[in-house]
>>> print(open('input_4.cif').read())   # mmCIF, C-alpha atoms
data_query
#
loop_
_atom_site.group_PDB
_atom_site.id
_atom_site.type_symbol
_atom_site.label_atom_id
_atom_site.label_comp_id
_atom_site.auth_asym_id
_atom_site.auth_seq_id
_atom_site.Cartn_x
_atom_site.Cartn_y
_atom_site.Cartn_z
ATOM 1 C CA MET A 155 82.242 86.422 88.484
ATOM 2 C CA SER A 156 81.832 84.260 85.404
ATOM 3 C CA THR A 157 82.156 85.543 81.866
ATOM 4 C CA ALA A 158 78.429 85.019 81.440
ATOM 5 C CA GLN A 159 77.738 87.362 84.367
ATOM 6 C CA ALA A 160 80.197 90.059 83.373
ATOM 7 C CA ARG A 161 78.702 93.405 82.434
ATOM 8 C CA GLY A 162 80.006 95.760 79.808
ATOM 9 C CA GLY A 163 78.173 96.190 76.502
ATOM 10 C CA ALA A 164 78.151 93.558 73.762
ATOM 11 C CA PRO A 165 78.821 89.881 74.571
ATOM 12 C CA LEU A 166 82.460 88.931 74.935
ATOM 13 C CA THR A 167 84.090 87.358 71.908
ATOM 14 C CA PHE A 168 85.483 83.830 72.003
ATOM 15 C CA ALA A 169 89.011 85.271 71.950
ATOM 16 C CA TYR A 170 88.237 87.503 74.927
ATOM 17 C CA ARG A 171 86.734 84.621 76.913
ATOM 18 C CA SER A 172 89.769 82.504 76.067
ATOM 19 C CA ALA A 173 92.098 85.263 77.273
ATOM 20 C CA VAL A 174 90.171 85.455 80.527
ATOM 21 C CA GLY A 175 90.576 81.705 80.901
ATOM 22 C CA VAL A 176 94.357 82.142 80.753
ATOM 23 C CA VAL A 177 94.944 85.455 82.548
ATOM 24 C CA ARG A 178 92.569 84.939 85.462
ATOM 25 C CA PRO A 179 94.133 81.752 86.888
ATOM 26 C CA MET A 180 97.619 83.071 86.083
ATOM 27 C CA MET A 181 97.070 86.220 88.154
ATOM 28 C CA ARG A 182 95.517 84.226 90.978
ATOM 29 C CA ALA A 183 98.546 81.940 91.046
ATOM 30 C CA LEU A 184 101.270 84.590 90.668
ATOM 31 C CA THR A 185 99.833 87.429 92.752
ATOM 32 C CA ARG A 186 97.749 88.333 95.757
ATOM 33 C CA GLN A 187 95.077 91.003 95.640
ATOM 34 C CA GLN A 188 94.314 94.031 97.768
ATOM 35 C CA TRP A 189 91.519 95.900 96.046
ATOM 36 C CA ARG A 190 89.264 98.758 97.055
ATOM 37 C CA GLY A 191 86.880 101.199 95.424
ATOM 38 C CA ALA A 192 84.995 98.781 93.151
ATOM 39 C CA GLU A 193 81.754 100.356 94.377
ATOM 40 C CA TYR A 194 82.533 103.361 92.186
ATOM 41 C CA LEU A 195 82.137 101.321 89.001
ATOM 42 C CA PRO A 196 78.802 102.216 87.386
ATOM 43 C CA ALA A 197 75.951 99.752 87.698
ATOM 44 C CA THR A 198 74.955 100.520 84.106
ATOM 45 C CA GLY A 199 76.561 102.284 81.168
ATOM 46 C CA GLY A 200 80.122 102.694 80.042
ATOM 47 C CA CYS A 201 83.001 104.391 81.789
ATOM 48 C CA VAL A 202 86.575 105.537 81.282
ATOM 49 C CA VAL A 203 89.188 104.206 83.714
ATOM 50 C CA ALA A 204 92.405 106.264 83.840
ATOM 51 C CA VAL A 205 95.296 104.411 85.485
ATOM 52 C CA ASN A 206 98.967 105.044 86.273
ATOM 53 C CA HIS A 207 101.519 102.985 84.350
ATOM 54 C CA ILE A 208 104.451 101.390 86.201
ATOM 55 C CA SER A 209 105.092 97.968 84.609
ATOM 56 C CA TYR A 210 104.477 95.772 81.591
ATOM 57 C CA ALA A 211 102.363 93.671 83.971
ATOM 58 C CA ASP A 212 99.891 96.525 84.493
ATOM 59 C CA PRO A 213 97.364 95.403 81.846
ATOM 60 C CA PHE A 214 97.061 91.975 83.456
ATOM 61 C CA ALA A 215 96.698 93.348 86.989
ATOM 62 C CA VAL A 216 94.189 96.012 85.916
ATOM 63 C CA ALA A 217 92.218 93.576 83.756
ATOM 64 C CA HIS A 218 92.012 91.116 86.658
ATOM 65 C CA PHE A 219 90.619 93.800 88.974
ATOM 66 C CA LEU A 220 88.052 95.133 86.520
ATOM 67 C CA PHE A 221 86.873 91.781 85.197
ATOM 68 C CA GLU A 222 86.405 90.293 88.647
ATOM 69 C CA ASN A 223 84.293 93.330 89.484
ATOM 70 C CA GLY A 224 81.998 92.888 86.503
ATOM 71 C CA HIS A 225 83.527 95.296 83.996
ATOM 72 C CA PRO A 226 85.519 93.554 81.243
ATOM 73 C CA PRO A 227 88.155 96.110 80.223
ATOM 74 C CA TYR A 228 88.948 97.306 76.731
ATOM 75 C CA PHE A 229 92.390 98.901 76.515
ATOM 76 C CA LEU A 230 93.621 101.643 74.235
ATOM 77 C CA GLY A 231 96.978 100.247 73.064
ATOM 78 C CA LYS A 232 99.808 101.320 70.816
ATOM 79 C CA ALA A 233 99.032 100.567 67.169
ATOM 80 C CA SER A 234 102.443 98.920 66.780
ATOM 81 C CA LEU A 235 101.278 96.057 69.002
ATOM 82 C CA PHE A 236 98.405 95.376 66.632
ATOM 83 C CA GLU A 237 100.864 95.041 63.752
ATOM 84 C CA LEU A 238 102.645 92.062 65.317
ATOM 85 C CA PRO A 239 101.574 88.857 63.509
ATOM 86 C CA LEU A 240 100.118 86.814 66.393
ATOM 87 C CA LEU A 241 99.629 89.386 69.148
ATOM 88 C CA GLY A 242 97.984 91.817 66.771
ATOM 89 C CA ARG A 243 95.427 89.276 65.605
ATOM 90 C CA TRP A 244 94.693 88.307 69.190
ATOM 91 C CA LEU A 245 94.244 91.939 70.328
ATOM 92 C CA THR A 246 91.941 92.602 67.399
ATOM 93 C CA ALA A 247 89.908 89.478 68.137
ATOM 94 C CA CYS A 248 89.577 90.662 71.758
ATOM 95 C CA GLU A 249 88.245 93.991 70.396
ATOM 96 C CA GLN A 250 90.932 96.128 72.009
ATOM 97 C CA VAL A 251 91.380 99.605 70.505
ATOM 98 C CA PRO A 252 94.562 100.529 68.564
ATOM 99 C CA VAL A 253 95.934 104.045 68.979
ATOM 100 C CA HIS A 254 97.644 105.514 65.925
ATOM 101 C CA ARG A 255 99.946 108.365 66.876
ATOM 102 C CA GLY A 256 101.325 110.982 64.590
ATOM 103 C CA ASP A 257 99.304 110.115 61.495
ATOM 104 C CA GLY A 258 95.903 110.721 59.973
ATOM 105 C CA ARG A 259 94.410 107.648 61.643
ATOM 106 C CA ALA A 260 94.660 109.076 65.180
ATOM 107 C CA ALA A 261 91.003 110.145 65.050
ATOM 108 C CA GLU A 262 89.976 106.505 64.517
ATOM 109 C CA ALA A 263 90.952 105.672 68.096
ATOM 110 C CA TYR A 264 88.630 108.387 69.392
ATOM 111 C CA ARG A 265 85.708 107.250 67.281
ATOM 112 C CA ASP A 266 86.196 103.615 68.275
ATOM 113 C CA ALA A 267 86.675 104.434 71.954
ATOM 114 C CA ILE A 268 83.685 106.773 72.129
ATOM 115 C CA ALA A 269 81.513 104.197 70.368
ATOM 116 C CA ALA A 270 82.677 101.527 72.827
ATOM 117 C CA VAL A 271 81.913 103.695 75.875
ATOM 118 C CA ARG A 272 78.479 104.559 74.514
ATOM 119 C CA ASP A 273 77.925 100.841 73.962
ATOM 120 C CA GLY A 274 78.390 100.364 77.699
ATOM 121 C CA ARG A 275 81.995 99.215 77.764
ATOM 122 C CA CYS A 276 84.777 99.992 80.207
ATOM 123 C CA ILE A 277 87.606 101.718 78.343
ATOM 124 C CA VAL A 278 91.007 101.773 80.059
ATOM 125 C CA ILE A 279 93.579 104.408 79.238
ATOM 126 C CA THR A 280 96.981 105.281 80.704
ATOM 127 C CA PRO A 281 97.175 109.091 80.440
ATOM 128 C CA GLU A 282 100.967 109.012 80.779
ATOM 129 C CA GLY A 283 101.153 107.100 77.488
ATOM 130 C CA THR A 284 104.029 104.917 78.633
ATOM 131 C CA ILE A 285 105.602 103.444 81.765
ATOM 132 C CA THR A 286 106.502 106.299 84.083
ATOM 133 C CA LYS A 287 110.012 107.665 83.719
ATOM 134 C CA ASP A 288 109.810 109.371 87.102
ATOM 135 C CA PRO A 289 112.854 108.047 89.020
ATOM 136 C CA LEU A 290 110.643 107.731 92.115
ATOM 137 C CA GLY A 291 107.860 105.909 90.294
ATOM 138 C CA TRP A 292 105.172 108.592 90.622
ATOM 139 C CA PRO A 293 102.715 109.406 87.806
ATOM 140 C CA MET A 294 104.156 111.711 85.165
ATOM 141 C CA SER A 295 102.478 114.474 83.222
ATOM 142 C CA GLY A 296 99.373 113.242 81.424
ATOM 143 C CA LYS A 297 98.078 113.472 77.902
ATOM 144 C CA THR A 298 94.574 114.744 77.255
ATOM 145 C CA GLY A 299 93.003 111.616 75.743
ATOM 146 C CA ALA A 300 91.169 110.425 78.874
ATOM 147 C CA ALA A 301 89.742 113.893 79.449
ATOM 148 C CA ARG A 302 88.614 114.271 75.847
ATOM 149 C CA LEU A 303 87.067 110.814 75.820
ATOM 150 C CA ALA A 304 85.135 111.464 79.041
ATOM 151 C CA LEU A 305 83.953 114.913 77.975
ATOM 152 C CA GLU A 306 82.889 113.914 74.472
ATOM 153 C CA SER A 307 81.211 110.648 75.468
ATOM 154 C CA GLY A 308 79.549 112.003 78.606
ATOM 155 C CA ALA A 309 80.815 108.979 80.553
ATOM 156 C CA PRO A 310 82.390 109.183 84.010
ATOM 157 C CA VAL A 311 86.167 108.975 84.260
ATOM 158 C CA LEU A 312 87.359 106.934 87.225
ATOM 159 C CA PRO A 313 90.926 107.342 88.570
ATOM 160 C CA LEU A 314 92.575 103.991 89.247
ATOM 161 C CA ALA A 315 95.781 103.962 91.283
ATOM 162 C CA GLN A 316 97.778 100.743 91.303
ATOM 163 C CA TRP A 317 100.974 99.584 92.943
ATOM 164 C CA GLY A 318 102.796 96.261 93.149
ATOM 165 C CA ALA A 319 103.105 95.218 89.512
ATOM 166 C CA ARG A 320 106.795 96.120 89.436
ATOM 167 C CA GLU A 321 107.467 93.450 92.042
ATOM 168 C CA LEU A 322 106.187 90.889 89.544
ATOM 169 C CA LEU A 323 107.612 92.392 86.346
ATOM 170 C CA ASP A 324 109.969 95.324 86.684
ATOM 171 C CA ALA A 325 110.180 98.148 84.171
ATOM 172 C CA ASP A 326 113.437 96.640 82.873
ATOM 173 C CA GLY A 327 111.684 93.331 82.120
ATOM 174 C CA THR A 328 112.921 91.391 85.160
ATOM 175 C CA PHE A 329 110.301 88.726 85.969
ATOM 176 C CA ARG A 330 109.963 87.547 89.582
ATOM 177 C CA PRO A 331 107.093 85.019 89.696
ATOM 178 C CA TRP A 332 108.281 83.495 92.986
ATOM 179 C CA ARG A 333 107.496 86.654 94.951
ATOM 180 C CA ARG A 334 103.712 86.419 94.565
ATOM 181 C CA PRO A 335 103.403 90.159 95.220
ATOM 182 C CA VAL A 336 100.272 91.989 96.302
ATOM 183 C CA MET A 337 98.536 93.837 93.451
ATOM 184 C CA ARG A 338 97.095 96.881 95.170
ATOM 185 C CA MET A 339 94.278 98.676 93.362
ATOM 186 C CA SER A 340 92.460 101.771 94.582
ATOM 187 C CA LEU A 341 89.626 103.049 92.414
ATOM 188 C CA GLY A 342 88.434 106.546 93.216
ATOM 189 C CA ALA A 343 85.143 108.333 92.786
ATOM 190 C CA PRO A 344 84.472 109.814 89.338
ATOM 191 C CA VAL A 345 86.614 112.869 88.709
ATOM 192 C CA GLU A 346 84.512 116.001 88.964
ATOM 193 C CA LEU A 347 84.101 117.283 85.410
ATOM 194 C CA GLU A 348 80.473 118.401 85.414
ATOM 195 C CA ASP A 349 81.393 122.087 85.486
ATOM 196 C CA LEU A 350 83.458 121.564 82.329
ATOM 197 C CA ARG A 351 80.981 119.583 80.240
ATOM 198 C CA ALA A 352 78.907 122.588 79.167
ATOM 199 C CA ARG A 353 81.948 124.495 77.933
ATOM 200 C CA PRO A 354 83.481 124.217 74.450
ATOM 201 C CA VAL A 355 86.222 121.590 74.263
ATOM 202 C CA THR A 356 89.378 123.673 73.955
ATOM 203 C CA ALA A 357 93.035 122.966 74.683
ATOM 204 C CA GLU A 358 92.758 124.917 77.930
ATOM 205 C CA LEU A 359 89.693 122.929 79.013
ATOM 206 C CA LEU A 360 91.416 119.622 78.249
ATOM 207 C CA ARG A 361 94.491 120.691 80.223
ATOM 208 C CA GLU A 362 92.322 121.530 83.219
ATOM 209 C CA ALA A 363 90.420 118.245 83.036
ATOM 210 C CA THR A 364 93.656 116.280 82.592
ATOM 211 C CA ALA A 365 95.212 117.984 85.605
ATOM 212 C CA ARG A 366 92.228 116.916 87.727
ATOM 213 C CA ILE A 367 92.470 113.321 86.492
ATOM 214 C CA MET A 368 96.203 113.068 87.136
ATOM 215 C CA ALA A 369 95.832 114.681 90.577
ATOM 216 C CA ALA A 370 93.212 112.073 91.516
ATOM 217 C CA ILE A 371 95.415 109.206 90.302
ATOM 218 C CA THR A 372 98.447 110.582 92.144
ATOM 219 C CA ALA A 373 96.446 110.962 95.362
ATOM 220 C CA GLY A 374 95.408 107.323 95.055
ATOM 221 C CA VAL A 375 99.006 106.212 94.502
ATOM 222 C CA ALA A 376 100.066 108.210 97.554
ATOM 223 C CA GLY A 377 97.472 106.366 99.619
ATOM 224 C CA LEU A 378 98.692 102.983 98.404
ATOM 225 C CA ARG A 379 102.343 103.854 99.021
ATOM 226 C CA GLY A 380 101.704 105.582 102.332
ATOM 227 C CA GLU A 381 103.879 108.449 101.154
ATOM 228 C CA ARG A 382 103.494 112.083 100.220
ATOM 229 C CA PRO A 383 104.135 112.753 96.507
ATOM 230 C CA PRO A 384 107.144 114.923 95.701
ATOM 231 C CA GLU A 385 106.572 118.542 94.821
ATOM 232 C CA GLY A 386 106.067 118.918 91.095
ATOM 233 C CA VAL A 387 105.351 116.465 88.295
ATOM 234 C CA TRP A 388 107.891 114.619 86.152
ATOM 235 C CA ASP A 389 107.808 115.855 82.560
ATOM 236 C CA ARG A 390 109.090 113.099 80.274
ATOM 237 C CA ARG A 391 109.756 115.546 77.443
ATOM 238 C CA THR A 392 112.321 117.498 79.461
ATOM 239 C CA ALA A 393 113.278 114.656 81.855
ATOM 240 C CA ARG A 394 112.867 116.869 84.895
ATOM 241 C CA ARG A 395 110.388 117.600 87.645
ATOM 242 C CA VAL A 396 108.214 120.623 86.939
ATOM 243 C CA VAL A 397 106.781 122.677 89.809
ATOM 244 C CA GLY A 398 103.672 124.695 89.104
ATOM 245 C CA PRO A 399 100.832 123.992 86.674
ATOM 246 C CA PRO A 400 101.195 120.345 85.578
ATOM 247 C CA PRO A 401 102.573 119.987 82.053
ATOM 248 C CA VAL A 402 100.398 118.231 79.492
ATOM 249 C CA GLY A 403 101.929 116.166 76.732
ATOM 250 C CA PRO A 404 101.550 117.326 73.110
ATOM 251 C CA GLU A 405 99.958 114.014 72.094
ATOM 252 C CA THR A 406 96.415 113.341 73.156
ATOM 253 C CA LEU A 407 96.593 109.558 73.610
#
>>> encode(input="input_4.cif", output="structure tokens")
Amino acid sequence: MSTAQARGGAPLTFAYRSAVGVVRPMMRALTRQQWRGAEYLPATGGCVVAVNHISYADPFAVAHFLFENGHPPYFLGKASLFELPLLGRWLTACEQVPVHRGDGRAAEAYRDAIAAVRDGRCIVITPEGTITKDPLGWPMSGKTGAARLALESGAPVLPLAQWGARELLDADGTFRPWRRPVMRMSLGAPVELEDLRARPVTAELLREATARIMAAITAGVAGLRGERPPEGVWDRRTARRVVGPPPVGPETL
């Protein structure tokens, strides 16, 4: 799909189109694709895509999948990246959304993200907040940002499971371009949140919605790996696997 055909709100900026011109052929050359579930992307309107995080190559693999299926992605990224001289200017020009954690500007990310979704854009968020620390590579406990964004914007939240990016760029930064690994993407049906939308947005409600989102992502990862997930969820705060109600991180994004 060409940039002119791509859906997703306002027209793409020159910087975004230029990035596509670099990333698209790079991913085609360095990786192979095994994608499923694109039919769940909405024909009209914005959406929230919640994805597991396993590698620094994830944004490129996820962007390739979503763009080729007509939904140019807009990522919520750490504000520190936007402060880097060249990368920050490029991210801003591509209209990505900075996330400020631990200060008074945190609410800006919500306002910008909600406005983008309501403008018809595809917002991508990694609920784990960082590359998984689970020794087995499974999704960790999630933060509540994806749930809050979906509930407050009224947009569907789609669970995206992905596997294979570590074979290209491992979590320790090891780059293996000669492998041409398969980037496996499995997009699931919108997470069922309709019964929660009429209720007041409380911490308990956000925990419940987040647990549903993370369960859907983990089920997708299990399908891609052909394995059963371990009992319990890795909690990065305590660096241990927690059995029982899934822990939710104190930060929202």
>>> residues_near_point(input="input_4.cif", point="(81.9, 119.8, 86.4)", cutoff="12 Å", atoms="all atoms listed in the file", output="list in words")
Ala304, Leu305, Gly308, Pro310, Val311, Pro344, Val345, Glu346, Leu347, Glu348, Asp349, Leu350, Arg351, Ala352, Arg353, Leu359, Glu362, Ala363 and Arg366 of chain A
>>> write_last_selection(input="input_4.cif", atoms="C-alpha atoms", output="JSON list (two decimals), in the frame of the given file")
[["chain", "number", "residue", "atom", "x", "y", "z"],
["A", 304, "ALA", "CA", 85.14, 111.46, 79.04],
["A", 305, "LEU", "CA", 83.95, 114.91, 77.97],
["A", 308, "GLY", "CA", 79.55, 112.00, 78.61],
["A", 310, "PRO", "CA", 82.39, 109.18, 84.01],
["A", 311, "VAL", "CA", 86.17, 108.98, 84.26],
["A", 344, "PRO", "CA", 84.47, 109.81, 89.34],
["A", 345, "VAL", "CA", 86.61, 112.87, 88.71],
["A", 346, "GLU", "CA", 84.51, 116.00, 88.96],
["A", 347, "LEU", "CA", 84.10, 117.28, 85.41],
["A", 348, "GLU", "CA", 80.47, 118.40, 85.41],
["A", 349, "ASP", "CA", 81.39, 122.09, 85.49],
["A", 350, "LEU", "CA", 83.46, 121.56, 82.33],
["A", 351, "ARG", "CA", 80.98, 119.58, 80.24],
["A", 352, "ALA", "CA", 78.91, 122.59, 79.17],
["A", 353, "ARG", "CA", 81.95, 124.50, 77.93],
["A", 359, "LEU", "CA", 89.69, 122.93, 79.01],
["A", 362, "GLU", "CA", 92.32, 121.53, 83.22],
["A", 363, "ALA", "CA", 90.42, 118.24, 83.04],
["A", 366, "ARG", "CA", 92.23, 116.92, 87.73]]
>>> resolve_selection(input="input_4.cif", expression="the PyMOL selection byres ((chain A and resi 167) around 8)", output="PDB file with C-alpha atoms, in the frame of the given file")
ATOM      1  CA  PRO A 165      78.821  89.881  74.571  1.00  0.00           C
ATOM      2  CA  LEU A 166      82.460  88.931  74.935  1.00  0.00           C
ATOM      3  CA  PHE A 168      85.483  83.830  72.003  1.00  0.00           C
ATOM      4  CA  ALA A 169      89.011  85.271  71.950  1.00  0.00           C
ATOM      5  CA  TYR A 170      88.237  87.503  74.927  1.00  0.00           C
ATOM      6  CA  ARG A 171      86.734  84.621  76.913  1.00  0.00           C
ATOM      7  CA  ALA A 247      89.908  89.478  68.137  1.00  0.00           C
ATOM      8  CA  CYS A 248      89.577  90.662  71.758  1.00  0.00           C
ATOM      9  CA  GLU A 249      88.245  93.991  70.396  1.00  0.00           C
TER      10      GLU A 249
END
>>> residues_around(input="input_4.cif", residues="Phe229 of chain A", least_positions_apart="5", cutoff="8 Å", atoms="all atoms listed in the file", output="ChimeraX atom specification")
/A:250-251,277-279
>>> residues_around(input="input_4.cif", residues="Val216 of chain A", least_positions_apart="6", cutoff="9 Å", atoms="all atoms listed in the file", output="list of chain:residue names")
A:Val205, A:Pro227, A:Val278, A:Leu314, A:Gln316, A:Met337, A:Met339
>>> closest_residue(input="input_4.cif", among="A:His218, A:Lys297, A:Met368, A:Gly380", to="Thr185 of chain A", atoms="only C-alpha atoms")
A:His218
>>> resolve_selection(input="input_4.cif", expression="the PyMOL selection byres ((chain A and resi 341) around 8)", output="ChimeraX atom specification")
/A:190-192,194,312-315,339-340,342-343,374
>>> resolve_selection(input="input_4.cif", expression="the PyMOL selection byres ((chain A and resi 292) around 10)", output="list in words")
Asn206, His207, Ile208, Thr286, Lys287, Asp288, Pro289, Leu290, Gly291, Pro293, Met294, Ser295, Ile371, Thr372, Val375, Ala376, Pro383, Pro384, Val387 and Trp388 of chain A
>>> closest_residue(input="input_4.cif", among="A:Asp212, A:Glu321, A:Glu385, A:Glu358", to="Thr298 of chain A", atoms="all atoms listed in the file")
A:Glu358
>>> closest_residue(input="input_4.cif", among="A:Arg275, A:Arg182, A:Arg390, A:Arg265", to="Tyr228 of chain A", atoms="only C-alpha atoms")
A:Arg275
>>> closest_residue(input="input_4.cif", among="A:Gly377, A:Gly224, A:Gly231, A:Gly327", to="Val253 of chain A", atoms="all atoms listed in the file")
A:Gly231
>>> atom_distance(input="input_4.cif", atom1="atom CA of Leu241 of chain A", atom2="atom CA of Cys201 of chain A")
25.7 Å
>>> closest_residue(input="input_4.cif", among="A:Glu306, A:Asp273, A:Asp389, A:Asp326", to="Leu360 of chain A", atoms="only C-alpha atoms")
A:Glu306
>>> atom_distance(input="input_4.cif", atom1="atom CA of Glu193 of chain A", atom2="atom CA of Phe221 of chain A")
13.6 Å
>>> residues_around(input="input_4.cif", residues="Leu322 of chain A", least_positions_apart="6", cutoff="8 Å", atoms="all atoms listed in the file", output="number ranges by chain")
A: 185, 211, 329-331, 333-335
>>> atom_distance(input="input_4.cif", atom1="atom CA of Phe214 of chain A", atom2="atom CA of Pro226 of chain A")
11.9 Å
>>> closest_residue(input="input_4.cif", among="A:Leu235, A:Ile268, A:Leu184, A:Ala370", to="Ala204 of chain A", atoms="all atoms listed in the file")
A:Ala370
